[in-house]
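Just query-v2.txt here, compact mmCIF, C-alpha atoms:
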```txt
# COMPACT_ATOMS: atom_id res chain seq x y z
CA MET A 1457 43.25 3.16 -70.95
CA ASP A 1458 46.08 0.67 -70.70
CA PRO A 1459 47.17 -0.41 -74.19
CA LEU A 1460 47.44 -4.02 -72.99
CA PHE A 1461 43.67 -4.09 -72.44
CA VAL A 1462 43.03 -2.71 -75.93
CA LYS A 1463 45.44 -5.22 -77.50
CA ALA A 1464 43.92 -8.15 -75.59
CA ALA A 1465 40.39 -7.01 -76.47
CA SER A 1466 41.39 -6.60 -80.12
CA ILE A 1467 42.82 -10.10 -80.39
CA GLY A 1468 39.98 -11.58 -78.33
CA PHE A 1469 37.22 -10.03 -80.43
CA ALA A 1470 39.03 -10.92 -83.66
CA MET A 1471 39.31 -14.57 -82.58
CA LEU A 1472 35.72 -14.71 -81.35
CA LEU A 1473 34.30 -13.23 -84.54
CA LEU A 1474 36.48 -15.32 -86.86
CA LEU A 1475 35.50 -18.51 -85.02
CA ALA A 1476 31.84 -17.49 -85.15
CA ALA A 1477 32.06 -16.79 -88.89
CA ARG A 1478 33.84 -20.11 -89.47
CA HIS A 1479 31.15 -21.95 -87.52
CA LYS A 1480 28.41 -20.32 -89.61
CA LEU A 1481 30.21 -21.10 -92.87
CA VAL A 1482 30.82 -24.74 -91.96
CA LYS A 1483 27.20 -25.15 -90.85
CA PHE A 1484 25.73 -22.77 -93.44
CA ALA A 1485 22.47 -24.66 -93.98
CA ALA A 1486 21.94 -25.16 -90.24
CA PHE A 1487 22.59 -21.49 -89.52
CA LYS A 1488 20.23 -20.50 -92.31
CA GLU A 1489 17.53 -22.62 -90.66
CA ILE A 1490 18.27 -21.04 -87.27
CA LEU A 1491 17.98 -17.54 -88.75
CA ARG A 1492 14.71 -18.56 -90.42
CA GLU A 1493 13.45 -19.86 -87.06
CA TYR A 1494 13.94 -16.43 -85.48
CA ARG A 1495 11.02 -15.33 -87.68
CA LEU A 1496 12.26 -11.78 -88.06
CA LEU A 1497 13.08 -11.69 -91.78
CA PRO A 1498 11.08 -12.41 -94.91
CA GLU A 1499 11.95 -15.81 -96.40
CA THR A 1500 13.40 -14.21 -99.53
CA ILE A 1501 16.23 -12.48 -97.65
CA VAL A 1502 17.26 -15.20 -95.19
CA THR A 1503 20.09 -16.52 -97.40
CA PRO A 1504 21.47 -13.04 -98.21
CA ALA A 1505 21.19 -12.19 -94.50
CA VAL A 1506 23.30 -15.22 -93.57
CA CYS A 1507 25.93 -14.11 -96.09
CA ALA A 1508 25.81 -10.57 -94.71
CA ILE A 1509 26.18 -11.76 -91.11
CA VAL A 1510 29.19 -13.94 -91.93
CA SER A 1511 30.75 -11.15 -93.99
CA ALA A 1512 30.17 -8.63 -91.20
CA GLU A 1513 31.79 -10.92 -88.62
CA ILE A 1514 34.85 -11.40 -90.83
CA LEU A 1515 35.17 -7.69 -91.65
CA ILE A 1516 34.76 -6.65 -88.02
CA ALA A 1517 37.37 -9.25 -86.96
CA LEU A 1518 39.79 -7.77 -89.50
CA ALA A 1519 38.99 -4.28 -88.20
CA TRP A 1520 39.88 -5.47 -84.68
CA LEU A 1521 43.21 -6.74 -85.96
CA ALA A 1522 43.81 -3.34 -87.56
CA THR A 1523 43.24 -1.52 -84.24
CA TRP A 1524 46.96 -1.70 -83.59
CA THR A 1525 47.35 0.93 -86.29
CA GLY A 1526 45.51 3.64 -84.39
CA THR A 1527 42.54 4.96 -82.48
CA ALA A 1528 40.29 5.50 -85.51
CA SER A 1529 40.35 1.82 -86.44
CA ALA A 1530 39.62 0.90 -82.81
CA MET A 1531 36.56 3.16 -82.91
CA ILE A 1532 35.35 1.51 -86.12
CA ALA A 1533 35.93 -2.03 -84.81
CA ALA A 1534 34.35 -1.34 -81.43
CA GLY A 1535 31.40 0.56 -82.88
CA SER A 1536 30.75 -2.20 -85.41
CA THR A 1537 30.96 -4.82 -82.67
CA VAL A 1538 28.49 -2.91 -80.53
CA GLY A 1539 26.11 -2.70 -83.50
CA LEU A 1540 26.43 -6.40 -84.34
CA LEU A 1541 26.06 -7.64 -80.77
CA GLY A 1542 23.24 -5.17 -80.19
CA THR A 1543 21.42 -6.57 -83.21
CA TYR A 1544 21.91 -10.12 -81.95
CA SER A 1545 20.65 -9.09 -78.50
CA PHE A 1546 17.59 -7.40 -79.99
CA ALA A 1547 16.73 -10.54 -82.01
CA ILE A 1548 17.11 -12.74 -78.94
CA ALA A 1549 15.14 -10.42 -76.64
CA PHE A 1550 12.38 -9.94 -79.22
CA ASN A 1551 11.90 -13.70 -79.50
CA LEU A 1552 12.02 -14.19 -75.73
CA LEU A 1553 9.34 -11.54 -75.30
CA ARG A 1554 7.24 -13.47 -77.83
CA GLY A 1555 7.68 -16.58 -75.66
CA ARG A 1556 9.97 -18.27 -78.20
CA ARG A 1557 12.59 -19.69 -75.85
CA TYR A 1558 13.38 -23.02 -77.57
CA VAL A 1559 15.08 -21.62 -80.63
CA SER A 1560 18.79 -22.27 -81.04
CA CYS A 1561 20.69 -19.03 -80.60
CA GLY A 1562 23.02 -19.87 -83.49
CA CYS A 1563 26.00 -18.70 -81.48
CA SER A 1564 27.42 -21.95 -80.16
CA LEU A 1565 31.01 -22.47 -81.21
CA SER A 1566 31.00 -26.06 -80.01
CA GLU A 1567 29.47 -29.20 -81.41
CA ALA A 1568 27.46 -29.62 -78.20
CA GLY A 1569 24.75 -27.20 -79.32
CA GLY A 1570 21.71 -26.81 -77.10
CA GLU A 1571 22.21 -23.13 -76.50
CA TYR A 1572 18.64 -21.92 -76.59
CA LEU A 1573 17.54 -18.30 -76.36
CA SER A 1574 17.80 -16.90 -72.86
CA TRP A 1575 18.24 -13.64 -71.04
CA GLY A 1576 21.69 -14.96 -70.12
CA LEU A 1577 22.69 -14.59 -73.78
CA VAL A 1578 21.48 -10.99 -73.77
CA LEU A 1579 23.51 -10.39 -70.59
CA ARG A 1580 26.60 -12.04 -72.12
CA ASN A 1581 26.29 -9.82 -75.18
CA GLY A 1582 25.87 -6.83 -72.88
CA VAL A 1583 29.15 -7.66 -71.16
CA LEU A 1584 30.88 -8.01 -74.54
CA ILE A 1585 29.39 -4.68 -75.64
CA CYS A 1586 30.80 -3.04 -72.48
CA VAL A 1587 34.26 -4.50 -73.21
CA ALA A 1588 34.07 -3.15 -76.77
CA LEU A 1589 33.03 0.29 -75.52
CA ILE A 1590 35.90 0.35 -73.00
CA ALA A 1591 38.31 -0.63 -75.78
CA MET A 1592 37.23 2.56 -77.60
CA LEU A 1593 38.83 4.71 -74.92
CA PRO A 1594 42.15 6.22 -75.97
CA ALA A 1595 45.10 4.10 -74.91
CA THR A 1596 48.00 5.71 -73.12
CA PRO A 1597 51.13 5.33 -75.20
CA ARG A 1598 53.78 2.98 -73.85
CA VAL A 1599 56.10 0.30 -75.10
CA THR A 1600 54.86 -3.27 -74.73
CA GLY A 1601 57.66 -5.54 -73.58
CA ILE A 1602 57.82 -9.31 -73.21
CA GLY A 1603 55.98 -9.11 -69.89
CA GLY A 1604 53.20 -7.17 -71.56
CA TYR A 1605 52.79 -9.79 -74.26
CA ALA A 1606 52.73 -12.51 -71.61
CA THR A 1607 50.00 -10.56 -69.82
CA ILE A 1608 48.01 -10.31 -73.05
CA ALA A 1609 48.36 -14.08 -73.59
CA MET A 1610 47.18 -14.83 -70.05
CA ALA A 1611 44.28 -12.37 -70.37
CA LEU A 1612 43.21 -14.07 -73.61
CA LEU A 1613 43.43 -17.52 -72.02
CA ALA A 1614 41.41 -16.38 -69.00
CA SER A 1615 38.82 -14.72 -71.26
CA ALA A 1616 38.48 -17.84 -73.41
CA LEU A 1617 38.00 -20.00 -70.32
CA LEU A 1618 35.40 -17.60 -68.88
CA TYR A 1619 33.53 -17.42 -72.20
CA THR A 1620 33.53 -21.22 -72.53
CA ALA A 1621 32.39 -21.71 -68.93
CA GLY A 1622 29.61 -19.16 -69.42
CA ALA A 1623 28.45 -20.90 -72.59
CA GLN A 1624 28.38 -24.23 -70.77
CA LEU A 1625 26.36 -22.72 -67.91
CA LEU A 1626 23.83 -21.38 -70.42
CA ARG A 1627 23.57 -24.81 -72.09
CA ASN A 1628 23.14 -26.48 -68.68
CA ALA A 1629 20.40 -24.03 -67.71
CA ALA A 1630 18.58 -24.72 -71.00
CA ALA A 1631 18.85 -28.48 -70.45
CA ILE A 1632 17.53 -28.21 -66.90
CA ARG A 1633 14.67 -25.96 -68.01
CA THR A 1634 13.77 -28.41 -70.79
CA ARG A 1635 13.84 -31.37 -68.43
CA ARG A 1636 11.71 -29.63 -65.80
CA HIS A 1637 9.15 -28.00 -68.04
CA GLY A 1638 9.45 -29.70 -71.42
CA ARG A 1639 9.72 -27.77 -74.67
CA GLU A 1640 7.19 -24.98 -74.93
```

Please re-express this file's structure in structure tokens.
Amino acid sequence: MDPLFVKAASIGFAMLLLLAARHKLVKFAAFKEILREYRLLPETIVTPAVCAIVSAEILIALAWLATWTGTASAMIAAGSTVGLLGTYSFAIAFNLLRGRRYVSCGCSLSEAGGEYLSWGLVLRNGVLICVALIAMLPATPRVTGIGGYATIAMALLASALLYTAGAQLLRNAAAIRTRRHGRE
């Protein structure tokens, strides 16, 4: 595996998870209500679960930043990311299978909101899981020069734009579905 991919994935996942944790901390009460609305946890553990989710996102982001120190930390970061995103995907899919589509996913990093549960979110998480799994592959050793760092910066910019565009497409699809069929 090219070390530039691993470095770009490490920075990308760290930024994504830190922004997600920040969003949940800033909107703690709203996220708590979203988690409650998933109807998967007993009421008594919703607040501790929110704290655990935010803590996990922060710790996994820090683990991604530590991946530059070696393969073992990359395995921990990637494995933890797969577990976290897999849990999110399970919660989304479980609710979709119960017909509970009009629940906020709780994953929107923008103020626009409106990102309801959809199979598109499960697919997006699946793509992110694949990227994390690929980042677990051993990187071939080589020196990263200025061109390499420029490549990493461009890869991060492109990834951020793709992620944002995908999120907007999911919000648009939810808005169209709501307008056509009303809230179920």

- Of the listed residues A:Ser1466, A:Thr1607, A:Ser1560, A:Asn1551, that which approaches Ala1519 in chain A most closely, counting only C-alpha atoms: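 Distance minimum relative to Ala1519 in chain A lands on A:Ser1466.
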
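The nearest approach to Leu1573 in chain A among the residues A:Ile1490, A:Val1538, A:Val1510, A:Ala1464, with only C-alpha atoms taken into account, belongs to A:Ile1490.
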
List as a PDB file with C-alpha atoms, in the coordinates of the input the protein and nucleic acid residues near Gly1535 in chain A, meaning an atom at most 8 Å away when all atoms listed in the file are counted, but skip any in the same chain fewer than 3 places from it.
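Writing done, so here's part_20.pdb:
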```pdb
ATOM      1  CA  MET A1531      36.560   3.160 -82.910  1.00  0.00           C
ATOM      2  CA  ILE A1532      35.350   1.510 -86.120  1.00  0.00           C
ATOM      3  CA  VAL A1538      28.490  -2.910 -80.530  1.00  0.00           C
ATOM      4  CA  GLY A1539      26.110  -2.700 -83.500  1.00  0.00           C
ATOM      5  CA  ALA A1588      34.070  -3.150 -76.770  1.00  0.00           C
ATOM      6  CA  LEU A1589      33.030   0.290 -75.520  1.00  0.00           C
TER       7      LEU A1589
END
```

- Message: My list of candidates is A:Leu1617, A:Ala1631, A:Leu1612, A:Leu1481. Which is closest to Lys1463 in chain A when distances are computed with all atoms listed in the file?
- Response: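 Under the stated criterion, the closest residue is A:Leu1612.
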
- Note on the structure: For Trp1520 in chain A, the closest of A:Ala1616, A:Val1583, A:Ala1534, A:Ala1606 counting all atoms listed in the file is A:Ala1534

- Atomic separation - CA of Gly1562 in chain A relative to CA of Thr1537 in chain A, Å: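 Here the two named atoms are 17.0 Å from each other.
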
Need the axis-aligned box for range 1519-1538 of chain A with 3 Å each side, so what are the centre and edges in Å to one decimal, as lines of an AutoDock Vina configuration file?
```
center_x = 37.9
center_y = -0.6
center_z = -84.4
size_x = 24.9
size_y = 18.2
size_z = 13.7
```
